[in-house]
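Data from final.cif: mmCIF, C-alpha atoms and all ligand atoms
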data_run
#
loop_
_atom_site.label_atom_id
_atom_site.label_comp_id
_atom_site.auth_asym_id
_atom_site.auth_seq_id
_atom_site.Cartn_x
_atom_site.Cartn_y
_atom_site.Cartn_z
CA MET A 284 73.45 121.50 113.35
CA PHE A 285 77.07 120.82 112.40
CA GLY A 286 79.27 122.64 109.92
CA PRO A 287 81.36 120.72 107.43
CA ARG A 288 83.47 118.60 109.73
CA LEU A 289 86.07 117.47 107.17
CA GLN A 290 86.52 120.70 105.20
CA GLY A 291 89.84 120.69 103.32
CA LYS A 292 90.58 117.03 104.06
CA VAL A 293 91.29 114.25 101.61
CA ALA A 294 90.14 110.73 102.52
CA PHE A 295 91.27 107.44 100.99
CA ILE A 296 88.55 104.85 101.59
CA THR A 297 88.92 101.23 100.49
CA GLY A 298 85.86 99.14 99.72
CA ALA A 299 84.01 102.39 99.07
CA GLY A 300 82.05 101.04 96.13
CA MET A 301 79.41 99.41 98.31
CA GLY A 302 78.09 98.94 101.80
CA GLN A 303 79.65 100.81 104.69
CA GLY A 304 82.51 102.21 102.60
CA SER A 305 80.13 103.80 100.14
CA ALA A 306 78.03 105.25 102.98
CA ALA A 307 81.17 106.69 104.58
CA ALA A 308 82.43 108.13 101.30
CA ARG A 309 79.11 109.94 100.75
CA LEU A 310 78.96 111.17 104.36
CA PHE A 311 82.59 112.34 104.44
CA ALA A 312 82.06 114.15 101.13
CA ALA A 313 78.94 115.83 102.49
CA HIS A 314 81.17 117.12 105.29
CA GLY A 315 83.62 118.70 102.86
CA ALA A 316 86.23 115.99 102.27
CA ARG A 317 87.47 115.05 98.83
CA ILE A 318 87.35 111.27 98.50
CA ALA A 319 89.44 108.61 96.76
CA VAL A 320 86.91 105.80 96.33
CA ALA A 321 89.06 102.66 96.17
CA ASP A 322 87.46 99.37 95.19
CA LEU A 323 88.07 96.13 93.31
CA ASP A 324 84.77 96.69 91.54
CA SER A 325 85.30 99.72 89.29
CA GLN A 326 81.61 100.00 88.40
CA ALA A 327 80.66 100.17 92.09
CA ALA A 328 83.42 102.73 92.72
CA ARG A 329 82.14 104.88 89.86
CA ALA A 330 78.58 104.68 91.24
CA THR A 331 79.78 106.05 94.59
CA VAL A 332 81.71 108.83 92.82
CA GLU A 333 78.61 109.75 90.80
CA ALA A 334 76.44 109.84 93.93
CA ILE A 335 78.97 112.18 95.56
CA ALA A 336 79.15 114.41 92.48
CA ASP A 337 75.33 114.52 92.25
CA ALA A 338 75.28 115.77 95.85
CA GLY A 339 77.81 118.50 95.00
CA GLY A 340 80.91 116.77 96.40
CA GLU A 341 84.23 115.79 94.86
CA ALA A 342 85.54 112.24 94.50
CA MET A 343 87.55 110.00 92.22
CA ALA A 344 87.45 106.27 91.62
CA VAL A 345 90.62 104.19 91.95
CA GLN A 346 90.40 100.52 91.01
CA GLY A 347 92.49 97.75 92.51
CA ASP A 348 92.80 94.84 94.90
CA VAL A 349 93.79 95.87 98.43
CA GLY A 350 95.46 92.47 98.85
CA ILE A 351 98.01 93.29 96.14
CA GLU A 352 100.77 95.68 97.17
CA ALA A 353 101.37 97.14 93.71
CA ASP A 354 97.66 97.94 93.36
CA VAL A 355 97.54 99.78 96.67
CA ARG A 356 100.74 101.71 95.90
CA ARG A 357 99.25 102.77 92.56
CA MET A 358 95.84 103.69 94.01
CA VAL A 359 97.38 105.84 96.75
CA GLY A 360 99.62 107.46 94.12
CA GLU A 361 96.64 108.26 91.89
CA ALA A 362 94.76 109.82 94.81
CA VAL A 363 97.70 112.02 95.83
CA GLU A 364 98.34 113.04 92.25
CA ARG A 365 94.73 114.23 91.89
CA PHE A 366 94.14 115.76 95.33
CA GLY A 367 97.69 116.76 96.35
CA ALA A 368 97.56 115.32 99.88
CA LEU A 369 96.02 112.69 102.17
CA HIS A 370 94.66 113.29 105.67
CA ILE A 371 92.32 110.35 106.35
CA LEU A 372 92.84 106.64 105.71
CA TYR A 373 89.79 104.44 106.03
CA PRO A 374 91.04 101.01 104.94
CA GLN A 375 87.77 99.18 105.46
CA ALA A 376 87.50 96.76 102.48
CA GLY A 377 86.88 93.29 103.82
CA VAL A 378 85.44 89.93 102.88
CA LEU A 379 83.31 87.45 104.79
CA TRP A 380 82.97 84.16 102.94
CA LYS A 381 81.00 81.92 105.30
CA ASP A 382 80.90 79.14 102.69
CA ARG A 383 84.71 78.84 102.46
CA ASP A 384 85.87 80.44 105.71
CA ARG A 385 84.77 78.15 108.51
CA SER A 386 86.48 76.29 111.34
CA VAL A 387 90.25 75.83 111.01
CA ILE A 388 89.70 72.13 110.41
CA GLU A 389 87.41 72.88 107.45
CA THR A 390 89.13 75.90 105.85
CA ASP A 391 91.42 75.44 102.87
CA GLU A 392 94.72 77.32 103.09
CA THR A 393 93.92 79.13 99.83
CA TRP A 394 90.90 80.82 101.39
CA TRP A 395 92.66 81.48 104.69
CA ASP A 396 95.44 83.29 102.80
CA ARG A 397 93.04 85.23 100.59
CA VAL A 398 90.98 86.46 103.55
CA MET A 399 94.16 87.53 105.33
CA ALA A 400 95.43 89.26 102.17
CA ILE A 401 92.29 91.37 101.84
CA ASN A 402 91.27 91.98 105.46
CA LEU A 403 94.69 92.30 107.10
CA LYS A 404 97.36 92.94 104.47
CA GLY A 405 95.00 95.41 102.76
CA VAL A 406 95.22 97.58 105.88
CA TYR A 407 99.00 97.10 106.11
CA PHE A 408 99.48 98.15 102.47
CA THR A 409 97.12 101.14 102.77
CA CYS A 410 99.00 102.31 105.85
CA LYS A 411 102.39 101.57 104.30
CA TYR A 412 101.70 103.85 101.33
CA GLY A 413 99.25 106.25 102.98
CA ILE A 414 100.96 107.13 106.28
CA PRO A 415 103.91 108.96 104.66
CA HIS A 416 101.36 111.31 103.09
CA LEU A 417 99.61 111.85 106.45
CA ILE A 418 102.99 112.69 107.95
CA ALA A 419 103.70 115.07 105.06
CA ALA A 420 100.36 116.78 105.72
CA GLY A 421 101.30 117.33 109.38
CA GLY A 422 99.05 114.57 110.72
CA GLY A 423 95.85 112.72 110.08
CA SER A 424 93.46 110.01 111.14
CA ILE A 425 93.37 106.29 110.41
CA VAL A 426 90.07 104.51 110.97
CA VAL A 427 90.20 100.71 110.91
CA VAL A 428 87.22 98.36 110.85
CA GLY A 429 87.27 95.26 113.03
CA SER A 430 84.14 93.35 113.97
CA VAL A 431 82.31 92.12 117.03
CA SER A 432 83.46 88.70 115.84
CA ALA A 433 86.99 89.66 116.93
CA LEU A 434 85.71 90.15 120.48
CA ARG A 435 83.75 86.90 120.80
CA GLY A 436 83.95 83.28 119.82
CA PHE A 437 81.13 82.11 117.58
CA THR A 438 79.57 78.66 117.44
CA LEU A 439 79.34 79.07 113.65
CA PRO A 440 83.02 79.77 112.97
CA GLN A 441 84.53 82.09 110.36
CA ASP A 442 88.03 81.67 111.69
CA ALA A 443 90.13 83.42 109.05
CA TYR A 444 87.82 86.45 109.19
CA THR A 445 87.84 86.46 113.00
CA ALA A 446 91.63 86.13 113.19
CA SER A 447 92.16 88.87 110.60
CA LYS A 448 89.93 91.25 112.56
CA GLY A 449 91.63 90.36 115.85
CA ALA A 450 95.01 91.16 114.31
CA LEU A 451 93.67 94.56 113.23
CA ILE A 452 93.04 95.47 116.87
CA SER A 453 96.74 94.95 117.67
CA LEU A 454 97.86 96.71 114.50
CA THR A 455 95.64 99.73 115.23
CA LYS A 456 97.09 100.13 118.73
CA SER A 457 100.61 99.82 117.38
CA LEU A 458 99.91 102.49 114.74
CA ALA A 459 98.39 104.78 117.38
CA VAL A 460 101.47 104.55 119.58
CA GLN A 461 104.07 104.71 116.82
CA PHE A 462 102.71 107.70 114.95
CA ALA A 463 101.11 109.80 117.71
CA ARG A 464 103.97 112.27 117.82
CA GLN A 465 103.55 112.86 114.12
CA GLY A 466 99.98 113.97 114.67
CA ILE A 467 98.41 110.73 113.48
CA ARG A 468 95.56 109.06 115.36
CA ALA A 469 94.44 105.46 114.76
CA ASN A 470 91.24 103.89 116.06
CA ILE A 471 89.18 100.80 115.33
CA ILE A 472 85.40 100.42 115.03
CA HIS A 473 83.76 97.07 115.77
CA PRO A 474 80.44 96.94 113.89
CA GLY A 475 77.73 94.46 114.79
CA ILE A 476 75.66 93.07 111.92
CA VAL A 477 75.18 95.77 109.28
CA GLU A 478 72.70 95.66 106.40
CA THR A 479 75.12 95.60 103.45
CA PRO A 480 75.75 93.41 100.39
CA MET A 481 78.24 91.43 102.55
CA GLN A 482 75.46 90.16 104.81
CA ALA A 483 72.69 90.00 102.18
CA PRO A 484 73.06 86.25 101.42
CA TYR A 485 72.83 85.39 105.12
CA LEU A 486 70.06 87.86 106.00
CA ALA A 487 67.85 86.45 103.24
CA ASP A 488 66.97 83.64 105.66
CA PRO A 489 64.22 85.09 107.94
CA ALA A 490 65.18 82.76 110.82
CA LYS A 491 68.83 83.91 110.73
CA ARG A 492 67.79 87.55 110.52
CA ALA A 493 65.46 87.12 113.49
CA ALA A 494 68.25 85.41 115.47
CA PHE A 495 70.64 88.31 114.78
CA GLU A 496 68.00 90.87 115.72
CA GLY A 497 67.05 88.94 118.85
CA SER A 498 70.65 88.80 120.10
CA THR A 499 71.03 92.59 119.75
CA PRO A 500 69.69 94.70 122.65
CA LEU A 501 68.50 97.44 120.28
CA GLY A 502 66.49 94.72 118.51
CA ARG A 503 67.60 95.50 114.97
CA LEU A 504 70.58 95.44 112.64
CA ALA A 505 72.74 98.49 111.86
CA ARG A 506 72.36 100.69 108.83
CA PRO A 507 75.66 101.44 107.04
CA GLU A 508 75.19 105.15 107.79
CA GLU A 509 75.27 104.42 111.53
CA ILE A 510 78.79 103.01 111.23
CA ALA A 511 79.80 105.86 108.92
CA GLN A 512 78.75 108.44 111.54
CA VAL A 513 81.23 107.00 114.04
CA ALA A 514 83.93 106.87 111.39
CA LEU A 515 83.19 110.54 110.59
CA PHE A 516 83.72 111.48 114.22
CA LEU A 517 86.99 109.53 114.43
CA ALA A 518 88.20 110.99 111.13
CA SER A 519 87.41 114.55 112.19
CA ASP A 520 89.30 116.91 114.48
CA GLU A 521 86.45 116.51 117.00
CA ALA A 522 88.19 113.26 117.97
CA SER A 523 91.51 115.06 118.49
CA TYR A 524 92.23 113.26 121.80
CA VAL A 525 90.93 109.83 120.74
CA THR A 526 93.61 107.39 119.64
CA GLY A 527 94.28 103.70 120.11
CA ALA A 528 90.60 103.22 120.97
CA GLU A 529 88.23 100.40 120.12
CA ILE A 530 84.62 101.45 119.62
CA PRO A 531 81.90 98.82 119.29
CA VAL A 532 79.00 100.07 117.17
CA ASP A 533 76.83 97.05 117.71
CA GLY A 534 73.47 97.99 119.19
CA GLY A 535 74.65 96.72 122.57
CA TYR A 536 75.55 93.23 121.32
CA THR A 537 78.89 92.95 123.15
CA ALA A 538 77.41 94.52 126.29
CA THR A 539 75.23 91.45 126.82
CA GLY A 540 78.26 89.42 127.86
CA GLY A 541 77.27 86.24 126.04
N1 LIG B 1 78.29 93.98 107.24
C1 LIG B 1 78.55 93.58 108.46
O1 LIG B 1 77.70 93.03 109.15
C2 LIG B 1 79.91 93.83 109.07
C3 LIG B 1 80.08 93.59 110.45
C4 LIG B 1 81.31 93.82 111.04
C5 LIG B 1 82.36 94.28 110.27
N2 LIG B 1 82.18 94.50 108.93
C6 LIG B 1 83.33 94.99 108.17
O2 LIG B 1 82.99 96.23 107.59
C7 LIG B 1 83.76 96.41 106.38
C8 LIG B 1 82.81 96.78 105.25
O3 LIG B 1 81.89 95.72 105.09
P1 LIG B 1 80.54 95.84 104.24
O4 LIG B 1 79.52 95.13 105.00
O5 LIG B 1 80.34 97.23 103.81
O6 LIG B 1 80.98 94.91 102.99
P2 LIG B 1 80.42 94.86 101.51
O7 LIG B 1 80.72 93.47 101.01
O8 LIG B 1 79.01 95.31 101.47
O9 LIG B 1 81.34 95.89 100.72
C9 LIG B 1 82.72 95.63 100.65
C10 LIG B 1 83.35 96.43 99.52
O10 LIG B 1 84.73 96.07 99.48
C11 LIG B 1 85.09 95.77 98.13
N3 LIG B 1 86.17 94.80 98.12
C12 LIG B 1 86.11 93.48 98.40
N4 LIG B 1 87.29 92.90 98.22
C13 LIG B 1 88.14 93.87 97.81
C14 LIG B 1 89.51 93.89 97.47
N5 LIG B 1 90.24 92.76 97.47
N6 LIG B 1 90.07 95.07 97.12
C15 LIG B 1 89.32 96.22 97.08
N7 LIG B 1 88.02 96.25 97.40
C16 LIG B 1 87.45 95.10 97.76
C17 LIG B 1 83.82 95.24 97.50
O11 LIG B 1 83.86 95.35 96.07
C18 LIG B 1 82.75 96.11 98.16
O12 LIG B 1 82.56 97.32 97.44
C19 LIG B 1 84.52 95.11 106.18
O13 LIG B 1 85.82 95.24 106.68
C20 LIG B 1 83.74 94.12 107.02
O14 LIG B 1 84.52 93.03 107.43
C21 LIG B 1 80.98 94.27 108.32
#

Go ahead and render the structure in this file as structure tokens.
Amino acid sequence: MFGPRLQGKVAFITGAGMGQGSAAARLFAAHGARIAVADLDSQAARATVEAIADAGGEAMAVQGDVGIEADVRRMVGEAVERFGALHILYPQAGVLWKDRDRSVIETDETWWDRVMAINLKGVYFTCKYGIPHLIAAGGGSIVVVGSVSALRGFTLPQDAYTASKGALISLTKSLAVQFARQGIRANIIHPGIVETPMQAPYLADPAKRAAFEGSTPLGRLARPEEIAQVALFLASDEASYVTGAEIPVDGGYTATGG
């Protein structure tokens, strides 16, 4: 039905070893993009690269911690050295540690800082080192991943995670406004609950799974590919007039109003 929607583009995707990042890397590659698969877990990154190669696409693994500036600088450098340019940034690595990240009165500063370093500073660093290459390429697209948890309060708190995702909304809008005249668009996706390794420990409890499904109008959780499809649209030129937007991809969860 569609032709290759990212032909000639190079995408830098963080957290692309597993979950939604891996699904996006494989989908973007199937649409013609060359992919830098960035992940802390080098084995996972290599598995995504192999899956892309097996499907006839082109990708490379870059290993590092998005919360460490020197790692991100190096990973972006390695990607540009191999592919010669960058057009798409998808800084979507994130962590949800419900055991350590709870209410502010229960959360140790160490874990607060670590969540912020990965979820928020990871996006800052990826943009800091990636945007100059988008500008050099004459423009590009930045796709950020928030969460429905940034749009709602939750009775079971994960406050560092929620605050980091809320900050990404503001950062995305600022990026969209600042860099629009350089041909760069920036948008943020708010997934609902997605079936990925991140959620696996929590979804193992049938009662919790049923509660999540019951609170979602579509009556089920998201597949990683369903988030990746929206990211593909935002990354592609089909979204040429979409910038500064927030898009919930949540099966109607936030439409219920409470
Ligand atoms: N799964 C959900 O229900 C859900 C819902 C809303 C938003 N999100 C967001 O979607 C994004 C992807 O989540 P997912 O469910 O695919 O997660 P996941 O845990 O399944 O995969 C995350 C990937 O990021 C990598 N990673 C973790 N820390 C890293 C670091 N410091 N540096 C580099 N890579 C690192 C992991 O190795 C892994 O490959 C995250 O930003 C998450 O907050 C997820």

Provide an axis-aligned box for all listed atoms of segment 378-393 of chain A, padding each side by 5 Å; report its centre and its edge lengths in Å to one decimal, as AutoDock Vina command-line options.
--center_x 87.8 --center_y 81.0 --center_z 105.6 --size_x 23.8 --size_y 27.8 --size_z 21.5

**Request:** Could you pull out the residues sitting within 6 Å of ligand LIG 1 (chain B), using all atoms listed in the file, and write them as a PyMOL selection string?
**Result:** chain A and resi 297-304+322-324+347-350+375-378+401+428-430+474-482

Could those selected residues go to a file with C-alpha atoms, as a PDB file, in the frame of the given file?
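Final file, selection-v5.pdb:
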ATOM      1  CA  THR A 297      88.920 101.230 100.490  1.00  0.00           C
ATOM      2  CA  GLY A 298      85.860  99.140  99.720  1.00  0.00           C
ATOM      3  CA  ALA A 299      84.010 102.390  99.070  1.00  0.00           C
ATOM      4  CA  GLY A 300      82.050 101.040  96.130  1.00  0.00           C
ATOM      5  CA  MET A 301      79.410  99.410  98.310  1.00  0.00           C
ATOM      6  CA  GLY A 302      78.090  98.940 101.800  1.00  0.00           C
ATOM      7  CA  GLN A 303      79.650 100.810 104.690  1.00  0.00           C
ATOM      8  CA  GLY A 304      82.510 102.210 102.600  1.00  0.00           C
ATOM      9  CA  ASP A 322      87.460  99.370  95.190  1.00  0.00           C
ATOM     10  CA  LEU A 323      88.070  96.130  93.310  1.00  0.00           C
ATOM     11  CA  ASP A 324      84.770  96.690  91.540  1.00  0.00           C
ATOM     12  CA  GLY A 347      92.490  97.750  92.510  1.00  0.00           C
ATOM     13  CA  ASP A 348      92.800  94.840  94.900  1.00  0.00           C
ATOM     14  CA  VAL A 349      93.790  95.870  98.430  1.00  0.00           C
ATOM     15  CA  GLY A 350      95.460  92.470  98.850  1.00  0.00           C
ATOM     16  CA  GLN A 375      87.770  99.180 105.460  1.00  0.00           C
ATOM     17  CA  ALA A 376      87.500  96.760 102.480  1.00  0.00           C
ATOM     18  CA  GLY A 377      86.880  93.290 103.820  1.00  0.00           C
ATOM     19  CA  VAL A 378      85.440  89.930 102.880  1.00  0.00           C
ATOM     20  CA  ILE A 401      92.290  91.370 101.840  1.00  0.00           C
ATOM     21  CA  VAL A 428      87.220  98.360 110.850  1.00  0.00           C
ATOM     22  CA  GLY A 429      87.270  95.260 113.030  1.00  0.00           C
ATOM     23  CA  SER A 430      84.140  93.350 113.970  1.00  0.00           C
ATOM     24  CA  PRO A 474      80.440  96.940 113.890  1.00  0.00           C
ATOM     25  CA  GLY A 475      77.730  94.460 114.790  1.00  0.00           C
ATOM     26  CA  ILE A 476      75.660  93.070 111.920  1.00  0.00           C
ATOM     27  CA  VAL A 477      75.180  95.770 109.280  1.00  0.00           C
ATOM     28  CA  GLU A 478      72.700  95.660 106.400  1.00  0.00           C
ATOM     29  CA  THR A 479      75.120  95.600 103.450  1.00  0.00           C
ATOM     30  CA  PRO A 480      75.750  93.410 100.390  1.00  0.00           C
ATOM     31  CA  MET A 481      78.240  91.430 102.550  1.00  0.00           C
ATOM     32  CA  GLN A 482      75.460  90.160 104.810  1.00  0.00           C
TER      33      GLN A 482
END

I'd like a table as a Markdown table: residues in segment 345-450 of chain A with an atom no more than 10 Å from segment 521-539 of chain A, each row giving the shortest atom pair and its distance in Å to one decimal, all atoms listed in the file counted, sorted by chain and rising residue number.
| residue | atom | partner | partner_atom | distance |
| --- | --- | --- | --- | --- |
| A:Gly423 | CA | A:Ser523 | CA | 9.7 |
| A:Ser424 | CA | A:Thr526 | CA | 8.9 |
| A:Ile425 | CA | A:Thr526 | CA | 9.3 |
| A:Val426 | CA | A:Thr526 | CA | 9.8 |
| A:Val427 | CA | A:Glu529 | CA | 9.4 |
| A:Val428 | CA | A:Glu529 | CA | 9.5 |
| A:Gly429 | CA | A:Glu529 | CA | 8.8 |
| A:Ser430 | CA | A:Pro531 | CA | 8.0 |
| A:Val431 | CA | A:Thr537 | CA | 7.1 |
| A:Ser432 | CA | A:Thr537 | CA | 9.6 |
| A:Leu434 | CA | A:Thr537 | CA | 7.8 |
| A:Arg435 | CA | A:Thr537 | CA | 8.1 |

**Asked** atom CA of Ala344 of chain A and atom CA of Ala319 of chain A, how far apart in Å?
**Response** 6.0 Å

**Prompt:** Between A:Gly422, A:Arg464, A:Leu379, A:Arg506, which one has atoms that come closest to Tyr485 of chain A, using all atoms listed in the file?
**Reply:** A:Leu379

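Of the residues listed (A:Ile472, A:Ile418, A:Ile296, A:Ile371), A:Ile472 shows the shortest atom-to-atom separation from Gln512 of chain A; distances use all atoms listed in the file.
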
**Message:** Which polymer residues, whether protein, DNA or RNA, lie within 6 Å of the coordinate (86.3, 117.1, 112.8) when you count all atoms listed in the file? List them as a list in words, using the chain letters and numbers from the file.
**Reply:** Arg288, Leu289, Ser519, Asp520 and Glu521 of chain A

**Prompt:** Expressed in Å to a single decimal, how great is the separation between atom CA of Val398 of chain A and atom CA of Ser325 of chain A?
**Reply:** 20.3 Å

Can I get segment 478-500 of chain A with N, CA and C atoms filled in, as a PDB file, keeping the file's coordinate frame?
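So the final result, stored in result-v1.pdb, reads:
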ATOM      1  N   GLU A 478      73.441  96.005 107.631  1.00  0.00           N
ATOM      2  CA  GLU A 478      72.700  95.660 106.400  1.00  0.00           C
ATOM      3  C   GLU A 478      73.475  96.137 105.178  1.00  0.00           C
ATOM      4  N   THR A 479      74.320  95.260 104.644  1.00  0.00           N
ATOM      5  CA  THR A 479      75.120  95.600 103.450  1.00  0.00           C
ATOM      6  C   THR A 479      75.118  94.390 102.518  1.00  0.00           C
ATOM      7  N   PRO A 480      75.644  94.568 101.292  1.00  0.00           N
ATOM      8  CA  PRO A 480      75.750  93.410 100.390  1.00  0.00           C
ATOM      9  C   PRO A 480      76.511  92.240 101.014  1.00  0.00           C
ATOM     10  N   MET A 481      77.487  92.523 101.916  1.00  0.00           N
ATOM     11  CA  MET A 481      78.240  91.430 102.550  1.00  0.00           C
ATOM     12  C   MET A 481      77.315  90.468 103.285  1.00  0.00           C
ATOM     13  N   GLN A 482      76.326  90.999 103.974  1.00  0.00           N
ATOM     14  CA  GLN A 482      75.460  90.160 104.810  1.00  0.00           C
ATOM     15  C   GLN A 482      74.214  89.692 104.061  1.00  0.00           C
ATOM     16  N   ALA A 483      73.960  90.273 102.881  1.00  0.00           N
ATOM     17  CA  ALA A 483      72.690  90.000 102.180  1.00  0.00           C
ATOM     18  C   ALA A 483      72.403  88.503 102.028  1.00  0.00           C
ATOM     19  N   PRO A 484      73.395  87.674 101.613  1.00  0.00           N
ATOM     20  CA  PRO A 484      73.060  86.250 101.420  1.00  0.00           C
ATOM     21  C   PRO A 484      72.611  85.568 102.714  1.00  0.00           C
ATOM     22  N   TYR A 485      73.137  86.037 103.837  1.00  0.00           N
ATOM     23  CA  TYR A 485      72.830  85.390 105.120  1.00  0.00           C
ATOM     24  C   TYR A 485      71.531  85.946 105.717  1.00  0.00           C
ATOM     25  N   LEU A 486      71.264  87.224 105.445  1.00  0.00           N
ATOM     26  CA  LEU A 486      70.060  87.860 106.000  1.00  0.00           C
ATOM     27  C   LEU A 486      68.811  87.496 105.195  1.00  0.00           C
ATOM     28  N   ALA A 487      69.009  86.864 104.045  1.00  0.00           N
ATOM     29  CA  ALA A 487      67.850  86.450 103.240  1.00  0.00           C
ATOM     30  C   ALA A 487      67.033  85.390 103.965  1.00  0.00           C
ATOM     31  N   ASP A 488      67.662  84.672 104.880  1.00  0.00           N
ATOM     32  CA  ASP A 488      66.970  83.640 105.660  1.00  0.00           C
ATOM     33  C   ASP A 488      66.284  84.315 106.866  1.00  0.00           C
ATOM     34  N   PRO A 489      64.931  84.350 106.875  1.00  0.00           N
ATOM     35  CA  PRO A 489      64.220  85.090 107.940  1.00  0.00           C
ATOM     36  C   PRO A 489      64.575  84.592 109.342  1.00  0.00           C
ATOM     37  N   ALA A 490      64.848  83.294 109.490  1.00  0.00           N
ATOM     38  CA  ALA A 490      65.180  82.760 110.820  1.00  0.00           C
ATOM     39  C   ALA A 490      66.526  83.305 111.291  1.00  0.00           C
ATOM     40  N   LYS A 491      67.507  83.380 110.356  1.00  0.00           N
ATOM     41  CA  LYS A 491      68.830  83.910 110.730  1.00  0.00           C
ATOM     42  C   LYS A 491      68.729  85.388 111.069  1.00  0.00           C
ATOM     43  N   ARG A 492      67.970  86.114 110.258  1.00  0.00           N
ATOM     44  CA  ARG A 492      67.790  87.550 110.520  1.00  0.00           C
ATOM     45  C   ARG A 492      67.170  87.757 111.910  1.00  0.00           C
ATOM     46  N   ALA A 493      66.147  86.973 112.198  1.00  0.00           N
ATOM     47  CA  ALA A 493      65.460  87.120 113.490  1.00  0.00           C
ATOM     48  C   ALA A 493      66.416  86.784 114.641  1.00  0.00           C
ATOM     49  N   ALA A 494      67.290  85.784 114.419  1.00  0.00           N
ATOM     50  CA  ALA A 494      68.250  85.410 115.470  1.00  0.00           C
ATOM     51  C   ALA A 494      69.238  86.556 115.715  1.00  0.00           C
ATOM     52  N   PHE A 495      69.716  87.172 114.636  1.00  0.00           N
ATOM     53  CA  PHE A 495      70.640  88.310 114.780  1.00  0.00           C
ATOM     54  C   PHE A 495      69.948  89.456 115.529  1.00  0.00           C
ATOM     55  N   GLU A 496      68.727  89.748 115.107  1.00  0.00           N
ATOM     56  CA  GLU A 496      68.000  90.870 115.720  1.00  0.00           C
ATOM     57  C   GLU A 496      67.735  90.575 117.200  1.00  0.00           C
ATOM     58  N   GLY A 497      67.377  89.319 117.474  1.00  0.00           N
ATOM     59  CA  GLY A 497      67.050  88.940 118.850  1.00  0.00           C
ATOM     60  C   GLY A 497      68.246  88.995 119.787  1.00  0.00           C
ATOM     61  N   SER A 498      69.467  88.783 119.240  1.00  0.00           N
ATOM     62  CA  SER A 498      70.650  88.800 120.100  1.00  0.00           C
ATOM     63  C   SER A 498      71.211  90.207 120.283  1.00  0.00           C
ATOM     64  N   THR A 499      70.575  91.194 119.665  1.00  0.00           N
ATOM     65  CA  THR A 499      71.030  92.590 119.750  1.00  0.00           C
ATOM     66  C   THR A 499      70.087  93.376 120.651  1.00  0.00           C
ATOM     67  N   PRO A 500      70.582  93.965 121.748  1.00  0.00           N
ATOM     68  CA  PRO A 500      69.690  94.700 122.650  1.00  0.00           C
ATOM     69  C   PRO A 500      68.811  95.739 121.951  1.00  0.00           C
TER      70      PRO A 500
END
